[in-house]
$ cat coords_7.cif   # mmCIF, C-alpha atoms
data_structure
#
loop_
_atom_site.group_PDB
_atom_site.id
_atom_site.type_symbol
_atom_site.label_atom_id
_atom_site.label_comp_id
_atom_site.auth_asym_id
_atom_site.auth_seq_id
_atom_site.Cartn_x
_atom_site.Cartn_y
_atom_site.Cartn_z
ATOM 1 C CA MET A 57 116.930 103.486 172.033
ATOM 2 C CA SER A 58 116.096 104.856 175.468
ATOM 3 C CA ASP A 59 114.489 108.128 174.317
ATOM 4 C CA THR A 60 110.785 107.251 174.353
ATOM 5 C CA PRO A 61 109.517 110.016 171.975
ATOM 6 C CA ALA A 62 112.264 109.232 169.461
ATOM 7 C CA ARG A 63 111.530 105.528 169.760
ATOM 8 C CA LEU A 64 107.808 106.082 169.179
ATOM 9 C CA LEU A 65 108.544 108.114 166.049
ATOM 10 C CA ARG A 66 110.861 105.385 164.775
ATOM 11 C CA LEU A 67 108.226 102.747 165.539
ATOM 12 C CA LEU A 68 105.561 104.747 163.709
ATOM 13 C CA SER A 69 107.880 105.142 160.738
ATOM 14 C CA LEU A 70 108.384 101.367 160.553
ATOM 15 C CA LEU A 71 104.664 100.667 160.859
ATOM 16 C CA GLN A 72 103.916 102.989 157.928
ATOM 17 C CA THR A 73 105.613 100.481 155.641
ATOM 18 C CA PRO A 74 102.768 98.353 154.146
ATOM 19 C CA ARG A 75 103.576 95.041 155.820
ATOM 20 C CA GLU A 76 103.062 93.169 159.087
ATOM 21 C CA TRP A 77 105.898 93.489 161.594
ATOM 22 C CA PRO A 78 106.516 90.638 164.046
ATOM 23 C CA GLY A 79 107.027 92.002 167.553
ATOM 24 C CA SER A 80 110.458 90.364 167.767
ATOM 25 C CA GLU A 81 111.635 92.137 164.598
ATOM 26 C CA LEU A 82 110.380 95.497 165.845
ATOM 27 C CA ALA A 83 112.172 94.906 169.144
ATOM 28 C CA GLU A 84 115.401 94.119 167.286
ATOM 29 C CA ARG A 85 115.091 97.210 165.077
ATOM 30 C CA LEU A 86 114.464 99.472 168.077
ATOM 31 C CA GLY A 87 116.943 97.780 170.417
ATOM 32 C CA VAL A 88 114.339 97.087 173.103
ATOM 33 C CA THR A 89 112.430 94.130 174.549
ATOM 34 C CA ASP A 90 109.205 92.647 173.189
ATOM 35 C CA ARG A 91 107.457 93.982 176.301
ATOM 36 C CA THR A 92 108.595 97.533 175.520
ATOM 37 C CA VAL A 93 107.274 97.161 171.973
ATOM 38 C CA ARG A 94 103.863 96.157 173.323
ATOM 39 C CA ARG A 95 103.817 99.199 175.626
ATOM 40 C CA ASP A 96 104.816 101.486 172.765
ATOM 41 C CA ILE A 97 102.078 100.039 170.556
ATOM 42 C CA ASP A 98 99.574 100.842 173.327
ATOM 43 C CA ARG A 99 100.909 104.431 173.479
ATOM 44 C CA LEU A 100 100.426 104.844 169.723
ATOM 45 C CA ARG A 101 96.866 103.581 170.035
ATOM 46 C CA GLU A 102 96.212 106.092 172.836
ATOM 47 C CA LEU A 103 97.435 108.814 170.483
ATOM 48 C CA GLY A 104 94.887 107.732 167.881
ATOM 49 C CA TYR A 105 97.026 105.580 165.583
ATOM 50 C CA PRO A 106 95.035 102.465 164.515
ATOM 51 C CA VAL A 107 97.613 99.718 165.031
ATOM 52 C CA GLU A 108 96.203 96.250 164.408
ATOM 53 C CA ALA A 109 97.680 93.092 165.926
ATOM 54 C CA THR A 110 97.271 89.588 164.532
ATOM 55 C CA MET A 111 98.051 86.398 166.408
ATOM 56 C CA GLY A 112 99.835 83.258 165.316
ATOM 57 C CA ALA A 113 103.189 82.273 163.862
ATOM 58 C CA THR A 114 102.789 84.702 160.951
ATOM 59 C CA GLY A 115 101.113 87.443 162.984
ATOM 60 C CA GLY A 116 102.391 90.824 163.900
ATOM 61 C CA TYR A 117 101.561 94.542 163.955
ATOM 62 C CA ARG A 118 100.485 96.811 161.141
ATOM 63 C CA LEU A 119 99.050 100.296 160.775
ATOM 64 C CA VAL A 120 95.563 100.289 159.259
ATOM 65 C CA ALA A 121 93.353 103.012 157.866
ATOM 66 C CA GLY A 122 91.681 105.101 160.555
ATOM 67 C CA ALA A 123 89.255 108.007 160.783
ATOM 68 C CA ALA A 124 92.007 110.475 159.868
ATOM 69 C CA MET A 125 95.345 110.239 158.122
ATOM 70 C CA PRO A 126 98.224 110.223 160.639
ATOM 71 C CA PRO A 127 101.321 112.330 159.967
ATOM 72 C CA LEU A 128 103.657 110.621 157.506
ATOM 73 C CA LEU A 129 107.242 110.094 158.600
ATOM 74 C CA VAL A 130 109.705 110.098 155.700
ATOM 75 C CA ASP A 131 113.468 110.302 155.458
ATOM 76 C CA ASP A 132 115.381 112.966 153.501
ATOM 77 C CA GLU A 133 115.484 111.086 150.212
ATOM 78 C CA GLU A 134 111.802 110.181 150.422
ATOM 79 C CA ALA A 135 110.889 113.831 151.100
ATOM 80 C CA ILE A 136 112.868 114.958 148.044
ATOM 81 C CA ALA A 137 111.243 112.276 145.883
ATOM 82 C CA ILE A 138 107.763 113.331 147.029
ATOM 83 C CA ALA A 139 108.440 117.022 146.397
ATOM 84 C CA VAL A 140 109.865 116.453 142.911
ATOM 85 C CA GLY A 141 106.967 114.147 142.098
ATOM 86 C CA LEU A 142 104.460 116.774 143.225
ATOM 87 C CA ARG A 143 106.135 119.374 141.021
ATOM 88 C CA ALA A 144 105.783 117.048 138.038
ATOM 89 C CA ALA A 145 102.177 116.194 138.953
ATOM 90 C CA ALA A 146 101.266 119.891 138.950
ATOM 91 C CA GLY A 147 101.442 119.697 135.145
ATOM 92 C CA SER A 148 100.524 116.049 134.704
ATOM 93 C CA ALA A 149 97.962 114.209 132.655
ATOM 94 C CA ILE A 150 95.987 113.109 135.714
ATOM 95 C CA ALA A 151 92.641 114.871 135.831
ATOM 96 C CA GLY A 152 92.021 117.139 138.805
ATOM 97 C CA ILE A 153 95.369 116.526 140.467
ATOM 98 C CA GLU A 154 97.229 119.701 139.462
ATOM 99 C CA GLU A 155 95.731 122.026 142.114
ATOM 100 C CA ALA A 156 95.958 119.383 144.852
ATOM 101 C CA SER A 157 99.616 118.799 143.935
ATOM 102 C CA VAL A 158 100.397 122.495 144.300
ATOM 103 C CA ARG A 159 98.685 122.648 147.708
ATOM 104 C CA ALA A 160 100.523 119.571 148.950
ATOM 105 C CA LEU A 161 103.855 120.850 147.626
ATOM 106 C CA THR A 162 103.351 124.168 149.415
ATOM 107 C CA LYS A 163 102.744 122.395 152.733
ATOM 108 C CA LEU A 164 105.734 120.119 152.243
ATOM 109 C CA GLU A 165 108.167 122.897 151.355
ATOM 110 C CA GLN A 166 107.119 124.857 154.453
ATOM 111 C CA VAL A 167 108.470 122.102 156.712
ATOM 112 C CA LEU A 168 111.485 120.993 154.676
ATOM 113 C CA PRO A 169 114.875 121.888 156.161
ATOM 114 C CA ALA A 170 116.714 124.550 154.164
ATOM 115 C CA LYS A 171 119.246 122.095 152.695
ATOM 116 C CA LEU A 172 116.472 119.807 151.413
ATOM 117 C CA ARG A 173 114.475 122.744 150.067
ATOM 118 C CA ARG A 174 117.485 123.819 148.005
ATOM 119 C CA ARG A 175 117.914 120.294 146.617
ATOM 120 C CA VAL A 176 114.240 120.144 145.639
ATOM 121 C CA ARG A 177 114.438 123.484 143.853
ATOM 122 C CA VAL A 178 117.606 122.507 142.000
ATOM 123 C CA LEU A 179 115.970 119.285 140.821
ATOM 124 C CA GLY A 180 112.783 121.155 139.931
ATOM 125 C CA THR A 181 114.569 123.692 137.738
ATOM 126 C CA ALA A 182 116.584 120.963 136.021
ATOM 127 C CA THR A 183 113.540 118.787 135.283
ATOM 128 C CA ILE A 184 111.611 119.599 132.109
ATOM 129 C CA THR A 185 108.077 118.395 131.460
ATOM 130 C CA PRO A 186 108.106 117.074 127.877
ATOM 131 C CA GLY A 187 105.409 119.002 126.083
ATOM 132 C CA PRO A 188 101.616 118.679 126.159
ATOM 133 C CA ALA A 189 100.134 115.782 128.076
ATOM 134 C CA ALA A 190 97.774 113.088 126.878
ATOM 135 C CA THR A 191 94.081 112.821 127.602
ATOM 136 C CA PRO A 192 93.701 113.428 131.363
ATOM 137 C CA ILE A 193 93.225 110.257 133.412
ATOM 138 C CA ASP A 194 91.018 109.935 136.472
ATOM 139 C CA PRO A 195 93.425 109.605 139.436
ATOM 140 C CA GLU A 196 91.003 107.136 141.049
ATOM 141 C CA LEU A 197 91.577 104.794 138.100
ATOM 142 C CA LEU A 198 95.331 104.882 138.618
ATOM 143 C CA THR A 199 95.084 104.400 142.378
ATOM 144 C CA THR A 200 92.697 101.446 141.926
ATOM 145 C CA LEU A 201 95.101 99.763 139.500
ATOM 146 C CA ALA A 202 98.109 100.587 141.672
ATOM 147 C CA ALA A 203 96.425 99.071 144.726
ATOM 148 C CA ALA A 204 95.661 95.888 142.785
ATOM 149 C CA ILE A 205 99.303 95.666 141.718
ATOM 150 C CA THR A 206 100.558 96.197 145.276
ATOM 151 C CA ASN A 207 98.099 93.683 146.721
ATOM 152 C CA ARG A 208 98.687 91.164 143.894
ATOM 153 C CA GLU A 209 94.961 91.120 143.292
ATOM 154 C CA ARG A 210 93.235 90.216 140.046
ATOM 155 C CA VAL A 211 91.249 93.046 138.490
ATOM 156 C CA ARG A 212 88.527 93.146 135.826
ATOM 157 C CA PHE A 213 87.893 96.179 133.630
ATOM 158 C CA ALA A 214 86.351 97.320 130.373
ATOM 159 C CA TYR A 215 88.840 98.115 127.618
ATOM 160 C CA GLU A 216 88.317 100.017 124.374
ATOM 161 C CA SER A 217 90.589 99.036 121.495
ATOM 162 C CA ALA A 218 92.073 101.455 118.973
ATOM 163 C CA THR A 219 89.149 100.666 116.650
ATOM 164 C CA GLY A 220 86.580 101.520 119.337
ATOM 165 C CA THR A 221 85.590 97.943 120.205
ATOM 166 C CA GLU A 222 84.960 97.383 123.923
ATOM 167 C CA SER A 223 85.784 94.133 125.707
ATOM 168 C CA ARG A 224 85.920 92.898 129.300
ATOM 169 C CA ARG A 225 89.341 91.854 130.592
ATOM 170 C CA ASN A 226 90.219 89.660 133.561
ATOM 171 C CA THR A 227 93.845 90.321 134.434
ATOM 172 C CA GLU A 228 96.723 89.905 136.842
ATOM 173 C CA PRO A 229 98.290 93.411 136.902
ATOM 174 C CA VAL A 230 102.019 93.762 137.592
ATOM 175 C CA GLY A 231 102.962 97.331 136.685
ATOM 176 C CA LEU A 232 101.847 100.866 135.755
ATOM 177 C CA VAL A 233 104.286 102.588 133.399
ATOM 178 C CA PRO A 234 104.255 106.270 132.324
ATOM 179 C CA HIS A 235 105.715 106.498 128.822
ATOM 180 C CA LYS A 236 105.548 109.129 126.096
ATOM 181 C CA HIS A 237 102.732 111.211 127.637
ATOM 182 C CA ARG A 238 100.554 108.193 128.453
ATOM 183 C CA TRP A 239 100.073 105.618 131.229
ATOM 184 C CA TYR A 240 100.214 101.903 130.420
ATOM 185 C CA LEU A 241 99.149 98.877 132.465
ATOM 186 C CA VAL A 242 101.171 95.676 132.125
ATOM 187 C CA ALA A 243 99.075 92.633 133.024
ATOM 188 C CA PHE A 244 98.602 88.964 132.268
ATOM 189 C CA ASP A 245 95.274 88.528 130.436
ATOM 190 C CA LEU A 246 93.694 85.373 131.876
ATOM 191 C CA ASP A 247 91.178 84.925 129.064
ATOM 192 C CA ARG A 248 93.894 85.145 126.399
ATOM 193 C CA SER A 249 96.583 83.347 128.424
ATOM 194 C CA ASP A 250 99.179 85.919 127.465
ATOM 195 C CA TRP A 251 100.779 89.178 128.559
ATOM 196 C CA ARG A 252 99.181 92.410 127.385
ATOM 197 C CA VAL A 253 99.892 96.152 127.563
ATOM 198 C CA PHE A 254 96.799 98.314 128.063
ATOM 199 C CA ARG A 255 96.585 102.071 127.603
ATOM 200 C CA ALA A 256 95.195 103.407 130.869
ATOM 201 C CA ASP A 257 93.080 106.067 129.154
ATOM 202 C CA ARG A 258 91.141 103.260 127.431
ATOM 203 C CA ILE A 259 90.401 101.419 130.699
ATOM 204 C CA THR A 260 87.064 101.977 132.437
ATOM 205 C CA ARG A 261 85.165 100.453 135.361
ATOM 206 C CA PRO A 262 88.107 98.664 137.047
ATOM 207 C CA HIS A 263 86.937 96.142 139.633
ATOM 208 C CA PRO A 264 89.379 94.335 141.961
ATOM 209 C CA THR A 265 88.061 90.792 142.407
ATOM 210 C CA GLY A 266 89.640 89.955 145.763
ATOM 211 C CA ALA A 267 91.380 86.934 144.219
ATOM 212 C CA ARG A 268 95.120 86.938 144.952
ATOM 213 C CA PHE A 269 97.757 85.701 142.521
ATOM 214 C CA THR A 270 101.433 84.843 142.392
ATOM 215 C CA PRO A 271 103.141 86.942 139.688
ATOM 216 C CA ARG A 272 104.166 84.972 136.616
ATOM 217 C CA PRO A 273 107.593 85.393 134.995
ATOM 218 C CA LEU A 274 107.445 88.515 132.825
ATOM 219 C CA PRO A 275 109.211 88.133 129.443
ATOM 220 C CA ALA A 276 111.234 91.303 130.112
ATOM 221 C CA PRO A 277 113.471 92.636 132.914
ATOM 222 C CA ASP A 278 110.646 94.809 134.264
ATOM 223 C CA PRO A 279 107.255 96.279 133.225
ATOM 224 C CA ALA A 280 108.847 99.438 131.757
ATOM 225 C CA ALA A 281 111.116 97.393 129.487
ATOM 226 C CA TYR A 282 108.132 95.290 128.444
ATOM 227 C CA VAL A 283 106.097 98.384 127.522
ATOM 228 C CA ILE A 284 108.898 99.826 125.381
ATOM 229 C CA GLY A 285 109.463 96.498 123.671
ATOM 230 C CA ALA A 286 105.767 95.829 123.127
ATOM 231 C CA ARG A 287 105.122 99.197 121.470
ATOM 232 C CA THR A 288 106.535 97.918 118.169
ATOM 233 C CA ASP A 289 103.798 95.265 118.153
ATOM 234 C CA TRP A 290 100.858 97.706 118.238
ATOM 235 C CA PRO A 291 100.208 98.570 114.583
ATOM 236 C CA THR A 292 96.525 99.366 115.240
ATOM 237 C CA SER A 293 97.392 102.099 117.760
ATOM 238 C CA THR A 294 100.176 103.846 115.818
ATOM 239 C CA LEU A 295 100.166 106.775 113.438
ATOM 240 C CA ARG A 296 102.449 107.089 110.437
ATOM 241 C CA TYR A 297 104.264 110.426 110.571
ATOM 242 C CA HIS A 298 105.739 111.848 107.364
ATOM 243 C CA VAL A 299 106.928 115.454 107.556
ATOM 244 C CA GLU A 300 109.414 117.146 105.209
ATOM 245 C CA ILE A 301 111.523 119.624 107.194
ATOM 246 C CA GLN A 302 113.593 122.542 105.872
ATOM 247 C CA ALA A 303 116.511 122.010 108.253
ATOM 248 C CA PRO A 304 119.559 119.718 108.327
ATOM 249 C CA ALA A 305 119.110 116.399 110.107
ATOM 250 C CA ASN A 306 121.720 117.181 112.786
ATOM 251 C CA GLN A 307 119.641 120.160 113.927
ATOM 252 C CA VAL A 308 116.474 118.074 114.235
ATOM 253 C CA THR A 309 117.817 114.870 115.778
ATOM 254 C CA GLY A 310 117.168 114.887 119.511
ATOM 255 C CA LYS A 311 114.254 117.301 119.170
ATOM 256 C CA LEU A 312 112.012 114.955 117.200
ATOM 257 C CA GLY A 313 111.977 111.180 116.956
ATOM 258 C CA GLU A 314 113.538 108.634 119.261
ATOM 259 C CA ALA A 315 114.406 105.505 117.322
ATOM 260 C CA PRO A 316 117.191 105.269 114.712
ATOM 261 C CA GLY A 317 115.756 106.142 111.339
ATOM 262 C CA ASP A 318 113.047 108.510 112.615
ATOM 263 C CA ILE A 319 114.935 111.460 111.104
ATOM 264 C CA VAL A 320 115.998 110.824 107.500
ATOM 265 C CA PRO A 321 118.512 113.209 105.830
ATOM 266 C CA ARG A 322 117.384 114.463 102.418
ATOM 267 C CA THR A 323 120.046 117.012 101.519
ATOM 268 C CA ASP A 324 122.623 119.030 103.462
ATOM 269 C CA THR A 325 119.856 121.471 104.413
ATOM 270 C CA THR A 326 116.712 119.288 104.592
ATOM 271 C CA CYS A 327 115.473 116.142 106.299
ATOM 272 C CA ALA A 328 112.258 114.231 106.966
ATOM 273 C CA LEU A 329 110.443 112.855 109.982
ATOM 274 C CA GLU A 330 109.474 109.235 109.176
ATOM 275 C CA MET A 331 108.097 107.145 112.029
ATOM 276 C CA HIS A 332 105.246 104.833 113.053
ATOM 277 C CA ARG A 333 104.266 105.524 116.642
ATOM 278 C CA ASP A 334 101.395 106.566 118.898
ATOM 279 C CA ASP A 335 103.034 109.880 119.799
ATOM 280 C CA LEU A 336 100.383 112.518 120.393
ATOM 281 C CA PRO A 337 99.811 114.778 117.392
ATOM 282 C CA GLU A 338 99.661 117.701 119.859
ATOM 283 C CA TRP A 339 103.178 116.893 121.107
ATOM 284 C CA VAL A 340 104.611 116.480 117.583
ATOM 285 C CA ALA A 341 102.951 119.727 116.426
ATOM 286 C CA HIS A 342 104.511 121.771 119.216
ATOM 287 C CA ARG A 343 107.924 120.181 118.657
ATOM 288 C CA LEU A 344 107.754 121.010 114.942
ATOM 289 C CA LEU A 345 106.871 124.623 115.661
ATOM 290 C CA GLU A 346 109.755 124.877 118.125
ATOM 291 C CA LEU A 347 112.222 123.992 115.351
ATOM 292 C CA GLY A 348 111.817 127.505 113.951
ATOM 293 C CA CYS A 349 111.917 126.407 110.298
ATOM 294 C CA ASP A 350 109.480 125.600 107.479
ATOM 295 C CA PHE A 351 108.041 122.118 107.130
ATOM 296 C CA GLU A 352 105.354 120.286 105.141
ATOM 297 C CA VAL A 353 103.067 117.640 106.657
ATOM 298 C CA HIS A 354 102.212 114.658 104.448
ATOM 299 C CA ALA A 355 100.769 112.436 107.195
ATOM 300 C CA PRO A 356 98.877 111.882 109.447
ATOM 301 C CA GLN A 357 95.740 113.968 109.073
ATOM 302 C CA GLU A 358 95.564 114.279 112.887
ATOM 303 C CA LEU A 359 98.803 116.267 112.850
ATOM 304 C CA SER A 360 97.523 118.605 110.142
ATOM 305 C CA ASP A 361 94.307 119.128 112.093
ATOM 306 C CA GLU A 362 96.241 119.983 115.265
ATOM 307 C CA LEU A 363 98.441 122.501 113.448
ATOM 308 C CA GLN A 364 95.296 124.072 111.971
ATOM 309 C CA ARG A 365 93.812 124.418 115.479
ATOM 310 C CA ILE A 366 97.003 126.122 116.668
ATOM 311 C CA ALA A 367 96.936 128.467 113.665
ATOM 312 C CA ASP A 368 93.271 129.320 114.320
ATOM 313 C CA ARG A 369 94.037 130.172 117.966
ATOM 314 C CA ALA A 370 96.942 132.397 116.902
ATOM 315 C CA ARG A 371 94.746 134.096 114.299
ATOM 316 C CA ARG A 372 92.014 134.773 116.848
ATOM 317 C CA ALA A 373 94.527 136.180 119.319
ATOM 318 C CA THR A 374 96.000 138.477 116.672
ATOM 319 C CA HIS A 375 92.557 139.610 115.526
ATOM 320 C CA ALA A 376 91.480 140.368 119.093
ATOM 321 C CA ARG A 377 94.556 142.569 119.608
ATOM 322 C CA LYS A 378 93.936 144.479 116.367
ATOM 323 C CA THR A 379 90.293 145.024 117.342
ATOM 324 C CA LYS A 380 91.292 146.534 120.709
ATOM 325 C CA THR A 381 93.780 148.917 119.117
#

$ encode --input "coords_7.cif" --output "structure tokens"
Amino acid sequence: MSDTPARLLRLLSLLQTPREWPGSELAERLGVTDRTVRRDIDRLRELGYPVEATMGATGGYRLVAGAAMPPLLVDDEEAIAIAVGLRAAAGSAIAGIEEASVRALTKLEQVLPAKLRRRVRVLGTATITPGPAATPIDPELLTTLAAAITNRERVRFAYESATGTESRRNTEPVGLVPHKHRWYLVAFDLDRSDWRVFRADRITRPHPTGARFTPRPLPAPDPAAYVIGARTDWPTSTLRYHVEIQAPANQVTGKLGEAPGDIVPRTDTTCALEMHRDDLPEWVAHRLLELGCDFEVHAPQELSDELQRIADRARRATHARKTKT
């Protein structure tokens, strides 16, 4: 790669991967000598990029945090992934991130080539955000947990159970999983010598300890599979839903419920929602209203309360319009 500006951009792109790069590997990737790599590293430093070098058999180069964030270099697929993620984050359950996501998306789309901009818009229009979100989560909490996972660093935090009891946990975190309008942390609980799934909205005061760990074998293919499998073992955090619906089961299946047996046929024209899960009452209420048919709630009380709040808002809106006219 004889074009120096192009080579510097490629070098910067490699260094933005969170790892140390031996000089010999960088030279091989760029098709140059080790001496050229050292000169290019010096050029990046002159341009203000904080490249750190470590000595020894395991040493190498890495980009560290500086006074300002350098421009990020991403390929086409990474740019599309970022843009689609920002679109989703604009309506996410992460507190305070919606406006920042919109600003970042605007900047990104201004510099995307036309073909990538079209792909982002096609994906954006085809992607549907599934109903109301859960309790907003502080983005700093998620980034702290994510950093601990990436760095394989033990983290302590306070955790509130479904019954309101708070405990301190010392964990080895391995994954953050968004599932059914909530975020979950998969971690090995050192005090209990077992794997646990923690709802992120019940975690407070996370504190990385600095102690590194080697990940243990997870009893599932990945953290997401573990979360889905573990949900059936959380009776204290689930609600029992029982709703009689004036519509045939084949019109309701796919709009409510996920597991087999959630929708139970009653007659040719009626069915029932029967499930034990921690789905948000707000989400279930909106999905019921979208069915466009009559229904009767038998449980839980949280669902009845949410429907009453929706009815009160509709009544106030109607009353306000009548008052103006």

$ closest_residue --input "coords_7.cif" --among "A:Gly116, A:Pro61, A:Pro337, A:Gly104" --to "A:Pro78" --atoms "only C-alpha atoms"
A:Gly116

$ residues_around --input "coords_7.cif" --residues "A:Leu329" --least-positions-apart "4" --cutoff "6 Å" --atoms "all atoms listed in the file" --output "list in words"
His298, Val299, Asp318 and Ile319 of chain A

$ closest_residue --input "coords_7.cif" --among "A:Leu363, A:Val130, A:Val120, A:Ala204" --to "A:Arg66" --atoms "all atoms listed in the file"
A:Val130

$ resolve_selection --input "coords_7.cif" --expression "the PyMOL selection byres ((chain A and resi 275) around 12)" --output "PyMOL selection string"
chain A and resi 242-244+250-252+271-274+276-283+285-286

$ write_last_selection --input "coords_7.cif" --atoms "C-alpha atoms" --output "CSV table (one decimal), in the coordinates of the input"
chain,number,residue,atom,x,y,z
A,242,VAL,CA,101.2,95.7,132.1
A,243,ALA,CA,99.1,92.6,133.0
A,244,PHE,CA,98.6,89.0,132.3
A,250,ASP,CA,99.2,85.9,127.5
A,251,TRP,CA,100.8,89.2,128.6
A,252,ARG,CA,99.2,92.4,127.4
A,271,PRO,CA,103.1,86.9,139.7
A,272,ARG,CA,104.2,85.0,136.6
A,273,PRO,CA,107.6,85.4,135.0
A,274,LEU,CA,107.4,88.5,132.8
A,276,ALA,CA,111.2,91.3,130.1
A,277,PRO,CA,113.5,92.6,132.9
A,278,ASP,CA,110.6,94.8,134.3
A,279,PRO,CA,107.3,96.3,133.2
A,280,ALA,CA,108.8,99.4,131.8
A,281,ALA,CA,111.1,97.4,129.5
A,282,TYR,CA,108.1,95.3,128.4
A,283,VAL,CA,106.1,98.4,127.5
A,285,GLY,CA,109.5,96.5,123.7
A,286,ALA,CA,105.8,95.8,123.1

$ atom_distance --input "coords_7.cif" --atom1 "atom CA of A:Arg296" --atom2 "atom CA of A:Glu330"
7.5 Å

$ closest_residue --input "coords_7.cif" --among "A:Ile366, A:Leu201, A:Val308, A:Val320" --to "A:Glu338" --atoms "all atoms listed in the file"
A:Ile366

$ axis_aligned_box --input "coords_7.cif" --around "stretch 231-242 of chain A" --padding-each-side "4 Å" --output "lines of an AutoDock Vina configuration file"
center_x = 102.4
center_y = 103.4
center_z = 131.4
size_x = 14.6
size_y = 23.5
size_z = 18.6
